[in-house]
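Chemist: What follows is the file input31.tsv, containing TSV, C-alpha atoms and all ligand atoms:
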chain	number	residue	atom	x	y	z
A	1	MET	CA	0.00	0.00	0.00
A	2	LEU	CA	1.01	3.58	-0.57
A	3	VAL	CA	-1.01	5.15	2.22
A	4	ALA	CA	-0.90	4.39	5.95
A	5	ASN	CA	-2.12	5.96	9.19
A	6	LYS	CA	0.17	7.68	11.65
A	7	SER	CA	-0.22	6.99	15.37
A	8	ASN	CA	-2.36	10.13	15.72
A	9	GLY	CA	-4.73	8.77	13.08
A	10	GLU	CA	-3.56	11.15	10.35
A	11	VAL	CA	-3.25	9.74	6.86
A	12	PHE	CA	0.22	9.62	5.35
A	13	SER	CA	0.76	9.08	1.63
A	14	LEU	CA	3.99	8.09	-0.06
A	15	ALA	CA	2.75	9.73	-3.26
A	16	ASN	CA	3.37	13.18	-1.78
A	17	GLY	CA	6.58	13.77	-3.67
A	18	LYS	CA	8.82	13.94	-0.61
A	19	ALA	CA	12.52	13.11	-1.05
A	20	LYS	CA	14.04	9.95	0.39
A	21	LYS	CA	16.04	11.74	3.06
A	22	GLU	CA	12.99	13.52	4.35
A	23	LEU	CA	10.99	10.31	4.39
A	24	GLU	CA	13.77	8.54	6.28
A	25	LYS	CA	13.63	11.26	8.92
A	26	ILE	CA	9.89	10.87	9.28
A	27	ARG	CA	10.27	7.13	9.45
A	28	SER	CA	12.74	7.34	12.31
A	29	ARG	CA	10.29	9.15	14.56
A	30	GLU	CA	6.86	7.88	13.41
A	31	LYS	CA	5.02	4.61	13.55
A	32	PHE	CA	2.60	3.65	10.81
A	33	TYR	CA	-0.45	1.43	10.79
A	34	CYS	CA	-2.45	-0.39	8.14
A	35	PRO	CA	-5.76	1.44	7.53
A	36	ASP	CA	-7.43	-1.93	7.03
A	37	CYS	CA	-6.35	-4.22	9.81
A	38	GLY	CA	-4.70	-1.74	12.16
A	39	GLU	CA	-1.46	-3.74	12.38
A	40	GLU	CA	1.83	-1.93	12.27
A	41	VAL	CA	3.37	-1.42	8.84
A	42	ILE	CA	6.88	-0.37	7.86
A	43	MET	CA	7.81	2.28	5.35
A	44	LYS	CA	9.99	0.62	2.71
A	45	LEU	CA	12.30	2.96	0.83
A	46	GLY	CA	14.36	0.48	-1.14
A	47	SER	CA	15.83	1.00	-4.59
A	48	LYS	CA	14.35	-2.05	-6.31
A	49	LYS	CA	10.69	-1.67	-5.47
A	50	ILE	CA	8.39	1.27	-5.42
A	51	TRP	CA	8.35	2.87	-1.96
A	52	HIS	CA	5.50	1.40	-0.05
A	53	PHE	CA	4.20	0.31	3.33
A	54	SER	CA	4.50	-3.34	4.23
A	55	HIS	CA	3.09	-5.32	7.14
A	56	THR	CA	5.70	-6.23	9.75
A	57	ALA	CA	4.49	-9.76	10.24
A	58	SER	CA	2.98	-11.98	7.58
A	59	GLY	CA	-0.37	-11.34	9.18
A	60	SER	CA	-3.82	-12.12	7.93
A	61	CYS	CA	-4.44	-8.76	6.29
A	62	GLN	CA	-6.55	-9.28	3.20
A	63	TYR	CA	-5.48	-6.03	1.65
A	64	GLU	CA	-1.81	-6.86	1.71
A	65	TYR	CA	-2.28	-10.41	0.58
A	66	ASP	CA	-4.57	-9.73	-2.38
A	67	ARG	CA	-3.29	-6.77	-4.15
A	68	GLU	CA	0.11	-5.52	-3.39
A	69	SER	CA	2.22	-6.73	-6.24
A	70	GLU	CA	4.86	-4.36	-7.52
A	71	TYR	CA	2.92	-4.19	-10.80
A	72	HIS	CA	-0.21	-3.07	-8.99
A	73	LEU	CA	1.55	-0.53	-6.76
A	74	SER	CA	3.37	1.02	-9.62
A	75	GLY	CA	0.28	1.14	-11.86
A	76	LYS	CA	-1.79	2.78	-9.17
A	77	LEU	CA	0.88	5.38	-8.53
A	78	LYS	CA	1.36	6.19	-12.23
A	79	LEU	CA	-2.37	6.59	-12.79
A	80	TYR	CA	-2.65	8.77	-9.71
A	81	ASN	CA	0.21	11.04	-10.82
A	82	TRP	CA	-1.28	11.19	-14.30
A	83	LEU	CA	-4.57	12.50	-12.89
A	84	LYS	CA	-2.79	15.04	-10.70
A	85	LYS	CA	-0.77	16.32	-13.64
A	86	GLN	CA	-4.06	17.15	-15.35
A	87	GLY	CA	-5.08	19.19	-12.32
A	88	ILE	CA	-7.63	16.63	-11.16
A	89	TYR	CA	-8.19	16.24	-7.44
A	90	ALA	CA	-7.62	12.56	-6.72
A	91	GLU	CA	-7.20	10.48	-3.59
A	92	LEU	CA	-5.15	7.33	-3.28
A	93	GLU	CA	-6.42	4.28	-1.41
A	94	LYS	CA	-9.07	6.26	0.42
A	95	PHE	CA	-11.42	4.13	2.43
A	96	ASP	CA	-14.98	5.34	1.93
A	97	GLN	CA	-16.95	4.93	5.17
A	98	GLN	CA	-20.35	4.90	3.48
A	99	MET	CA	-19.51	2.38	0.82
A	100	ARG	CA	-17.13	0.41	3.01
A	101	GLN	CA	-14.86	0.20	-0.03
A	102	LYS	CA	-11.41	1.43	-0.84
A	103	PRO	CA	-10.88	2.21	-4.51
A	104	ASP	CA	-7.29	2.43	-5.71
A	105	ILE	CA	-7.96	6.02	-6.73
A	106	ALA	CA	-11.03	8.18	-6.15
A	107	PHE	CA	-11.50	11.41	-8.07
A	108	ASP	CA	-14.02	13.99	-9.27
A	109	TRP	CA	-14.39	15.16	-12.83
A	110	ASN	CA	-17.04	17.56	-14.15
A	111	GLY	CA	-19.12	17.11	-11.03
A	112	GLN	CA	-19.11	13.32	-11.24
A	113	LYS	CA	-17.40	10.99	-8.80
A	114	TYR	CA	-15.24	8.20	-10.19
A	115	ALA	CA	-13.39	5.27	-8.70
A	116	ILE	CA	-10.46	3.65	-10.46
A	117	GLU	CA	-9.81	0.00	-9.73
A	118	PHE	CA	-6.60	-1.18	-11.35
A	119	GLN	CA	-7.17	-4.90	-11.34
A	120	CYS	CA	-4.11	-7.08	-11.81
A	121	SER	CA	-5.34	-10.37	-10.44
A	122	ILE	CA	-8.48	-12.28	-11.20
A	123	ILE	CA	-11.11	-11.84	-8.51
A	124	HIS	CA	-14.37	-13.69	-8.21
A	125	ALA	CA	-17.20	-12.36	-10.38
A	126	ASP	CA	-19.43	-11.98	-7.30
A	127	ILE	CA	-16.93	-9.63	-5.67
A	128	PHE	CA	-16.52	-7.69	-8.90
A	129	GLU	CA	-20.30	-7.32	-9.23
A	130	LYS	CA	-20.78	-6.36	-5.61
A	131	ARG	CA	-18.10	-3.67	-5.71
A	132	THR	CA	-19.43	-2.29	-8.98
A	133	LYS	CA	-23.00	-2.23	-7.67
A	134	THR	CA	-21.95	-0.47	-4.47
A	135	TYR	CA	-20.18	2.25	-6.45
A	136	LEU	CA	-23.15	2.79	-8.74
A	137	GLU	CA	-25.58	2.89	-5.81
A	138	HIS	CA	-23.50	5.73	-4.36
A	139	ASP	CA	-23.40	7.63	-7.68
A	140	VAL	CA	-19.78	6.76	-8.24
A	141	ILE	CA	-18.82	5.52	-11.69
A	142	PRO	CA	-16.31	2.70	-11.37
A	143	ILE	CA	-13.58	2.57	-14.00
A	144	TRP	CA	-12.13	-0.90	-13.91
A	145	ILE	CA	-8.73	-0.95	-15.57
A	146	ALA	CA	-7.31	-4.35	-16.38
A	147	ALA	CA	-3.66	-5.20	-16.12
A	148	GLU	CA	-2.46	-5.19	-19.70
A	149	ASN	CA	-1.07	-8.70	-19.39
A	150	LEU	CA	-4.60	-10.07	-18.92
A	151	ILE	CA	-5.38	-9.26	-22.56
A	152	LYS	CA	-4.05	-11.63	-25.18
A	153	ARG	CA	-4.03	-10.60	-28.79
A	154	LYS	CA	-4.71	-13.62	-31.04
A	155	SER	CA	-4.48	-12.04	-34.47
A	156	HIS	CA	-5.51	-8.86	-36.24
A	157	MET	CA	-8.65	-7.60	-34.41
A	158	VAL	CA	-9.07	-10.89	-32.56
A	159	VAL	CA	-8.44	-11.02	-28.82
A	160	SER	CA	-8.88	-13.70	-26.26
A	161	MET	CA	-11.55	-12.52	-23.81
A	162	ASN	CA	-12.23	-14.67	-20.79
A	163	HIS	CA	-15.18	-14.41	-18.41
A	164	PHE	CA	-13.22	-12.12	-16.16
A	165	LEU	CA	-12.50	-9.48	-18.82
A	166	TYR	CA	-16.17	-9.27	-19.79
A	167	LEU	CA	-16.81	-7.89	-16.30
A	168	PHE	CA	-14.79	-4.78	-17.24
A	169	LEU	CA	-16.92	-3.87	-20.26
A	170	ARG	CA	-18.59	-0.46	-20.27
A	171	ARG	CA	-20.63	1.31	-22.92
A	172	PRO	CA	-19.55	4.94	-23.14
A	173	HIS	CA	-21.09	6.52	-26.28
A	174	ASN	CA	-22.99	3.27	-26.93
A	175	ASP	CA	-19.78	1.54	-27.79
A	176	TRP	CA	-18.30	-1.37	-25.89
A	177	ASN	CA	-15.03	-0.50	-24.27
A	178	PHE	CA	-12.69	-1.16	-21.43
A	179	PRO	CA	-9.23	0.18	-20.59
A	180	ALA	CA	-6.09	-1.73	-19.71
A	181	PHE	CA	-2.80	-0.39	-18.44
A	182	CYS	CA	0.78	-1.56	-18.29
A	183	PRO	CA	2.87	0.31	-15.68
A	184	ILE	CA	6.08	-1.10	-17.16
A	185	SER	CA	5.59	0.30	-20.67
A	186	GLY	CA	3.41	3.16	-19.45
A	187	GLN	CA	0.84	2.31	-22.12
A	188	LEU	CA	-2.89	2.67	-21.82
A	189	ILE	CA	-4.84	0.33	-24.04
A	190	ASN	CA	-8.41	1.00	-25.02
A	191	LEU	CA	-10.22	-2.11	-26.12
A	192	HIS	CA	-12.97	-0.98	-28.48
A	193	GLY	CA	-15.91	-2.92	-29.80
A	194	SER	CA	-15.95	-6.45	-28.49
A	195	ILE	CA	-18.01	-8.64	-30.76
A	196	PRO	CA	-17.96	-12.08	-29.14
A	197	ILE	CA	-17.18	-15.03	-31.40
A	198	SER	CA	-16.92	-17.80	-28.87
A	199	THR	CA	-16.93	-18.00	-25.09
A	200	ARG	CA	-13.28	-16.96	-25.08
A	201	LYS	CA	-12.69	-14.99	-28.25
A	202	ALA	CA	-13.91	-11.64	-29.49
A	203	ILE	CA	-13.35	-9.21	-32.31
A	204	ALA	CA	-12.09	-5.90	-30.97
A	205	ILE	CA	-9.79	-3.02	-31.77
A	206	LEU	CA	-6.90	-2.41	-29.41
A	207	GLU	CA	-5.86	1.23	-29.35
A	208	VAL	CA	-2.50	1.69	-27.65
A	209	LYS	CA	-1.31	5.08	-26.39
A	210	ASN	CA	1.29	6.32	-23.98
A	211	LEU	CA	-0.31	7.42	-20.75
A	212	SER	CA	1.53	10.73	-21.04
A	213	GLN	CA	-0.24	11.40	-24.35
A	214	THR	CA	-3.62	10.39	-23.01
A	215	SER	CA	-6.22	12.70	-21.55
A	216	ILE	CA	-8.80	11.94	-18.90
A	217	GLU	CA	-11.47	11.88	-21.63
A	218	ASP	CA	-9.64	9.06	-23.41
A	219	LEU	CA	-10.17	7.03	-20.28
A	220	LEU	CA	-13.70	8.08	-19.34
A	221	ASN	CA	-15.31	8.67	-22.72
A	222	PRO	CA	-13.11	7.12	-25.38
A	223	LYS	CA	-14.15	7.78	-28.94
A	224	ALA	CA	-15.37	4.67	-30.69
A	225	ARG	CA	-13.15	3.05	-33.29
A	226	HIS	CA	-14.91	1.03	-35.96
A	227	GLN	CA	-13.45	-1.05	-38.71
A	228	PRO	CA	-14.92	-3.54	-41.18
A	229	PHE	CA	-15.09	-6.86	-39.42
A	230	ILE	CA	-17.33	-9.12	-41.55
A	231	LYS	CA	-14.44	-11.03	-43.16
A	232	ILE	CA	-12.95	-11.74	-39.73
A	233	TRP	CA	-16.36	-12.69	-38.40
A	234	GLN	CA	-16.80	-15.24	-41.21
A	235	THR	CA	-13.32	-16.73	-40.86
A	236	GLU	CA	-13.50	-17.01	-37.09
A	237	ASN	CA	-16.93	-18.61	-37.15
A	238	GLN	CA	-15.79	-21.14	-39.73
A	239	LYS	CA	-12.82	-21.97	-37.52
A	240	LEU	CA	-15.06	-22.28	-34.49
A	241	LYS	CA	-17.46	-24.62	-36.29
A	242	SER	CA	-14.59	-26.84	-37.43
A	243	ARG	CA	-13.26	-26.95	-33.91
A	244	TYR	CA	-16.66	-28.06	-32.65
A	245	LEU	CA	-16.75	-30.90	-35.18
A	246	MET	CA	-13.18	-32.00	-34.54
A	247	ASN	CA	-13.56	-32.05	-30.79
A	248	PRO	CA	-13.30	-35.67	-29.58
A	249	GLY	CA	-16.37	-35.06	-27.44
A	250	ALA	CA	-18.41	-33.81	-30.41
A	251	TRP	CA	-20.64	-36.89	-30.51
A	252	GLN	CA	-22.06	-35.99	-27.13
A	253	ASN	CA	-22.35	-32.25	-27.71
A	254	ARG	CA	-25.99	-31.32	-27.11
A	255	PHE	CA	-26.17	-28.75	-29.86
A	256	LEU	CA	-24.63	-31.06	-32.48
A	257	LYS	CA	-26.90	-33.92	-31.42
A	258	GLU	CA	-29.91	-31.70	-31.83
A	259	LEU	CA	-28.73	-30.65	-35.29
A	260	TYR	CA	-28.38	-34.30	-36.38
A	261	ARG	CA	-31.81	-35.16	-35.00
A	262	ASN	CA	-33.15	-32.37	-37.20
A	263	ARG	CA	-31.10	-33.51	-40.20
A	264	LEU	CA	-29.01	-30.40	-40.15
A	265	SER	CA	-25.28	-30.07	-40.27
A	266	LEU	CA	-23.11	-27.46	-38.65
A	267	LEU	CA	-21.27	-26.65	-41.89
A	268	THR	CA	-24.42	-26.05	-43.92
A	269	LEU	CA	-26.19	-23.71	-41.55
A	270	PRO	CA	-27.36	-20.64	-43.48
A	271	PRO	CA	-25.48	-17.38	-42.83
A	272	VAL	CA	-28.52	-15.78	-41.23
A	273	LEU	CA	-28.10	-18.19	-38.31
A	274	GLY	CA	-24.98	-16.71	-36.81
A	275	LEU	CA	-25.09	-12.94	-36.91
A	276	PRO	CA	-23.52	-10.45	-34.50
A	277	VAL	CA	-25.62	-7.76	-32.84
A	278	HIS	CA	-24.63	-4.88	-30.59
A	279	PHE	CA	-25.72	-6.51	-27.35
A	280	SER	CA	-24.13	-9.89	-28.15
A	281	PRO	CA	-21.73	-9.64	-25.17
A	282	TYR	CA	-24.72	-10.42	-22.93
A	283	ILE	CA	-24.94	-13.89	-24.50
A	284	GLU	CA	-22.08	-16.25	-23.79
A	285	THR	CA	-23.25	-18.96	-26.20
A	286	PRO	CA	-21.89	-18.45	-29.74
A	287	SER	CA	-24.38	-16.69	-32.00
A	288	PHE	CA	-24.74	-19.54	-34.52
A	289	ILE	CA	-25.92	-21.75	-31.67
A	290	TRP	CA	-28.51	-19.53	-30.00
A	291	GLN	CA	-29.82	-18.33	-33.34
A	292	THR	CA	-30.16	-21.90	-34.63
A	293	TYR	CA	-32.15	-22.79	-31.52
A	294	LEU	CA	-34.53	-19.94	-32.36
A	295	TYR	CA	-34.79	-21.27	-35.89
A	296	LEU	CA	-35.63	-24.77	-34.67
A	297	ASP	CA	-38.07	-23.62	-32.00
A	298	VAL	CA	-39.81	-20.78	-33.82
A	299	PHE	CA	-38.91	-19.70	-37.32
A	300	ARG	CA	-38.96	-23.15	-38.90
A	301	GLN	CA	-42.47	-23.69	-37.60
A	302	HIS	CA	-43.89	-20.80	-39.63
A	303	LYS	CA	-44.60	-20.54	-43.33
A	304	ILE	CA	-44.33	-17.45	-45.51
A	305	GLY	CA	-47.11	-14.98	-44.70
A	306	GLU	CA	-47.66	-16.29	-41.18
A	307	PHE	CA	-47.46	-14.04	-38.15
A	308	ILE	CA	-45.16	-14.58	-35.18
A	309	HIS	CA	-45.88	-12.87	-31.89
A	310	TYR	CA	-42.74	-11.51	-30.30
A	311	PRO	CA	-43.52	-13.05	-26.87
A	312	GLN	CA	-43.37	-16.44	-28.60
A	313	ILE	CA	-39.78	-15.75	-29.62
A	314	GLN	CA	-38.94	-14.54	-26.12
A	315	ASP	CA	-40.53	-17.61	-24.66
A	316	ALA	CA	-38.49	-19.96	-26.83
A	317	PHE	CA	-35.31	-18.10	-25.91
A	318	ALA	CA	-36.15	-18.18	-22.18
A	319	LYS	CA	-36.79	-21.93	-22.30
A	320	ARG	CA	-33.40	-22.55	-23.89
A	321	VAL	CA	-31.77	-20.40	-21.24
A	322	LYS	CA	-33.55	-22.35	-18.53
A	323	LYS	CA	-32.41	-25.65	-20.01
A	324	GLY	CA	-28.85	-24.38	-20.12
A	325	ASP	CA	-28.64	-24.54	-23.93
A	326	ILE	CA	-28.12	-20.79	-24.04
A	327	ARG	CA	-25.86	-19.25	-21.42
A	328	LEU	CA	-25.99	-15.56	-20.55
A	329	ARG	CA	-23.50	-13.13	-19.10
A	330	VAL	CA	-23.83	-10.52	-16.39
A	331	LEU	CA	-21.93	-7.36	-17.28
A	332	PRO	CA	-21.99	-5.30	-14.07
A	333	ALA	CA	-20.11	-2.28	-15.41
A	334	ALA	CA	-22.23	-1.92	-18.55
A	335	GLY	CA	-25.45	-0.67	-17.01
A	336	GLU	CA	-29.05	-1.72	-17.03
A	337	ARG	CA	-29.28	-3.84	-20.16
A	338	ASP	CA	-29.35	-7.57	-20.68
A	339	ALA	CA	-29.63	-10.41	-23.15
A	340	TRP	CA	-33.20	-9.45	-24.09
A	341	TYR	CA	-31.79	-6.51	-25.99
A	342	ALA	CA	-29.61	-8.84	-28.04
A	343	LEU	CA	-32.63	-11.00	-28.84
A	344	ALA	CA	-34.71	-8.00	-29.92
A	345	GLU	CA	-31.85	-6.72	-32.06
A	346	TYR	CA	-31.52	-10.06	-33.79
A	347	VAL	CA	-35.22	-10.17	-34.65
A	348	PHE	CA	-34.97	-6.59	-35.87
A	349	LEU	CA	-31.94	-7.51	-37.98
A	350	LEU	CA	-33.97	-10.31	-39.57
A	351	THR	CA	-36.47	-7.67	-40.70
A	352	LYS	CA	-33.57	-5.66	-42.18
A	353	VAL	CA	-32.25	-8.59	-44.20
A	354	GLY	CA	-35.63	-9.56	-45.60
A	355	TYR	CA	-36.65	-12.65	-43.61
A	356	LEU	CA	-39.25	-10.99	-41.43
A	357	GLU	CA	-41.48	-7.97	-41.75
A	358	LYS	CA	-42.26	-5.84	-38.74
A	359	ILE	CA	-46.04	-5.53	-38.28
A	360	ASN	CA	-46.00	-3.74	-34.93
A	361	SER	CA	-43.93	-3.73	-31.76
A	362	GLY	CA	-45.23	-7.16	-30.77
A	363	MET	CA	-45.53	-8.98	-34.07
A	364	VAL	CA	-43.60	-9.90	-37.21
A	365	LYS	CA	-44.61	-11.64	-40.43
A	366	VAL	CA	-42.55	-14.26	-42.24
A	367	GLN	CA	-41.34	-12.78	-45.54
A	368	LYS	CA	-38.92	-15.40	-46.73
A	369	GLU	CA	-38.13	-18.95	-45.71
A	370	ILE	CA	-34.74	-19.58	-44.12
A	371	GLU	CA	-33.27	-21.96	-46.68
A	372	ILE	CA	-30.83	-24.65	-45.64
A	373	PRO	CA	-28.02	-25.00	-48.21
A	374	SER	CA	-27.81	-28.52	-49.70
A	375	SER	CA	-24.03	-28.78	-49.51
A	376	ILE	CA	-21.00	-27.10	-47.99
A	377	ASP	CA	-20.21	-25.48	-51.34
A	378	ARG	CA	-23.70	-24.06	-51.55
A	379	GLN	CA	-23.40	-22.79	-48.02
A	380	LEU	CA	-20.17	-20.95	-48.86
A	381	GLU	CA	-21.81	-19.40	-51.92
A	382	ALA	CA	-24.88	-18.35	-49.97
A	383	GLU	CA	-22.75	-16.93	-47.18
A	384	ALA	CA	-20.53	-14.90	-49.50
A	385	LYS	CA	-23.60	-13.47	-51.23
A	386	PHE	CA	-25.41	-12.73	-48.00
A	387	PHE	CA	-22.55	-10.88	-46.35
A	388	ALA	CA	-21.73	-8.93	-49.50
A	389	GLU	CA	-25.33	-7.77	-49.70
A	390	TYR	CA	-25.95	-7.02	-46.04
A	391	GLU	CA	-22.54	-6.08	-44.64
A	392	ASN	CA	-23.65	-2.49	-43.97
A	393	LYS	CA	-26.90	-3.48	-42.31
A	394	ILE	CA	-25.06	-5.89	-40.03
A	395	ALA	CA	-22.45	-3.28	-39.16
A	396	GLN	CA	-25.23	-0.81	-38.34
A	397	SER	CA	-26.75	-3.35	-36.02
A	398	VAL	CA	-23.45	-3.96	-34.27
A	399	PHE	CA	-22.29	-0.37	-33.91
A	400	GLN	CA	-25.71	1.27	-33.40
B	1	ZN	ZN	-3.40	-4.71	7.03
Written as structure tokens, that's how I'd like the structure from this file.
Modeler:
Amino acid sequence: MLVANKSNGEVFSLANGKAKKELEKIRSREKFYCPDCGEEVIMKLGSKKIWHFSHTASGSCQYEYDRESEYHLSGKLKLYNWLKKQGIYAELEKFDQQMRQKPDIAFDWNGQKYAIEFQCSIIHADIFEKRTKTYLEHDVIPIWIAAENLIKRKSHMVVSMNHFLYLFLRRPHNDWNFPAFCPISGQLINLHGSIPISTRKAIAILEVKNLSQTSIEDLLNPKARHQPFIKIWQTENQKLKSRYLMNPGAWQNRFLKELYRNRLSLLTLPPVLGLPVHFSPYIETPSFIWQTYLYLDVFRQHKIGEFIHYPQIQDAFAKRVKKGDIRLRVLPAAGERDAWYALAEYVFLLTKVGYLEKINSGMVKVQKEIEIPSSIDRQLEAEAKFFAEYENKIAQSVFQ
């Protein structure tokens, strides 16, 4: 930790810019205590590590144990100094009595309170959700910044996104985003977009900037970056489908079994069953799976000209969720939306690409049958044609 209490209860911060000699003098006459557990801590002024306070005994203090890696200390300090340089009033490691939480950095900007949590280790989703909720309930916007090394770039615009990183996602300017920081390189990374492909992979743009060339607005309200992604979407989904089929456990995969029972094959699914929408991050199950379930449960049961009530589609989706065929995500930092928005967007997208016609807010009419290609070659042809024709409409649906 960088902040400790003196014996008179006063708070003492090592981020105050004092020189080593001066600090040594203070150290020789003062005792310091951990603001969390009250145990004595020692001021460490070594040359290898960032100056910090450390517990004397390897006690049971949660704060010390969880978070105090050199990487975390240094990141917190750099972010704090960066805010101060911009003339922003910020407080390090300040325990908030009302919230009973201690953000790494608390600060005010344009009349809004913010809390920065620079998260270097994986914490349980429940804790992440609870902390986020507590901030929001107290009108504090949490900015969760991931340690840069948690993000793995797979290839151009493809990153590996695990469950943990989804928790960081926010939607400033209606665009998915979360920041990451590396205290060693001093780089702030903005991850823009996030179109999930599989449970662990997403399409996103990584914008890398030096913290010194970054403004507070780049962190709080980053400008969206969009790039054509349809080609990558197609390639990655093809790869994912192949991986499903090649998996030794494929014969007992519930989705594949259901396809076979319905005389369908994964590689000849039509392109319309597997489209991205803006709120896709709320659904963990790959899009070609949840959309095929909707096809089996609803769309296939209706002929051209027939009406489908929207609650019927919702009902089918909810049943699949209940059975565990479709898995959803909770995104605590993204606000009050959920998977229902993704479902509504998908149905709306089907009206945009000519399969359904919107009658009113609660009803659609079948315009065109969803045709199943007769071979893999036909599927590839149909897919190429479909994406060439509707690329813009799909991009509009994703980027809003
Ligand atoms: Zn302690």
Chemist: In Å to one decimal, how far is CA of His173 (chain A) from CA of Pro196 (chain A)?
Modeler: 19.1 Å
Chemist: In Å, how far is it from CA of Leu380 (chain A) to CA of Pro270 (chain A)?
Modeler: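 These atoms are spaced 9.0 Å apart.
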Chemist: Within 9 Å of region 101-109 of chain A, counting all atoms listed in the file, which residues qualify if same-chain residues fewer than 4 places away don't, as a compact mmCIF listing (two decimals) with C-alpha atoms, in the coordinates of the input?
Modeler:
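File written: part-v8.txt
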# COMPACT_ATOMS: atom_id res chain seq x y z
CA LYS A 76 -1.79 2.78 -9.17
CA LEU A 79 -2.37 6.59 -12.79
CA TYR A 80 -2.65 8.77 -9.71
CA LEU A 83 -4.57 12.50 -12.89
CA ILE A 88 -7.63 16.63 -11.16
CA TYR A 89 -8.19 16.24 -7.44
CA ALA A 90 -7.62 12.56 -6.72
CA GLU A 91 -7.20 10.48 -3.59
CA LEU A 92 -5.15 7.33 -3.28
CA GLU A 93 -6.42 4.28 -1.41
CA LYS A 94 -9.07 6.26 0.42
CA PHE A 95 -11.42 4.13 2.43
CA ASP A 96 -14.98 5.34 1.93
CA GLN A 97 -16.95 4.93 5.17
CA LYS A 113 -17.40 10.99 -8.80
CA TYR A 114 -15.24 8.20 -10.19
CA ALA A 115 -13.39 5.27 -8.70
CA ILE A 116 -10.46 3.65 -10.46
CA GLU A 117 -9.81 0.00 -9.73
CA PHE A 118 -6.60 -1.18 -11.35
CA ARG A 131 -18.10 -3.67 -5.71
CA THR A 134 -21.95 -0.47 -4.47
CA TYR A 135 -20.18 2.25 -6.45
CA PRO A 142 -16.31 2.70 -11.37
CA ILE A 216 -8.80 11.94 -18.90
Chemist: Which residues of region 175-198 of chain A sit at most 12 Å from region 237-244 of chain A, using only C-alpha atoms? Give each one's shortest atom pair and distance in Å (one decimal place), in chain and ascending residue order, as JSON lines.
Modeler:
{"residue": "A:Ile195", "atom": "CA", "partner": "A:Asn237", "partner_atom": "CA", "distance": 11.9}
{"residue": "A:Pro196", "atom": "CA", "partner": "A:Asn237", "partner_atom": "CA", "distance": 10.4}
{"residue": "A:Ile197", "atom": "CA", "partner": "A:Asn237", "partner_atom": "CA", "distance": 6.8}
{"residue": "A:Ser198", "atom": "CA", "partner": "A:Leu240", "partner_atom": "CA", "distance": 7.4}
Chemist: Is it possible to get the residues within 10 Å of (-1.8, 5.0, 10.7) (coordinates as in the file, counting all atoms listed in the file) written as a VMD selection string?
Modeler: chain A and resid 3 to 12 30 to 36 38 to 41
Chemist: What box, with edges along x, y and z, holds each listed atom of region 305-324 of chain A when 4 Å is added on every side, and can you state its centre and edge lengths in Å to one decimal, as JSON?
Modeler:
{"center_x": -38.3, "center_y": -18.6, "center_z": -31.6, "size_x": 26.8, "size_y": 22.1, "size_z": 34.2}
Chemist: Would you work out the distance separating CA of Leu264 (chain A) from CA of Leu296 (chain A), expressed in Å to one decimal?
Modeler: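 It comes out at 10.3 Å.
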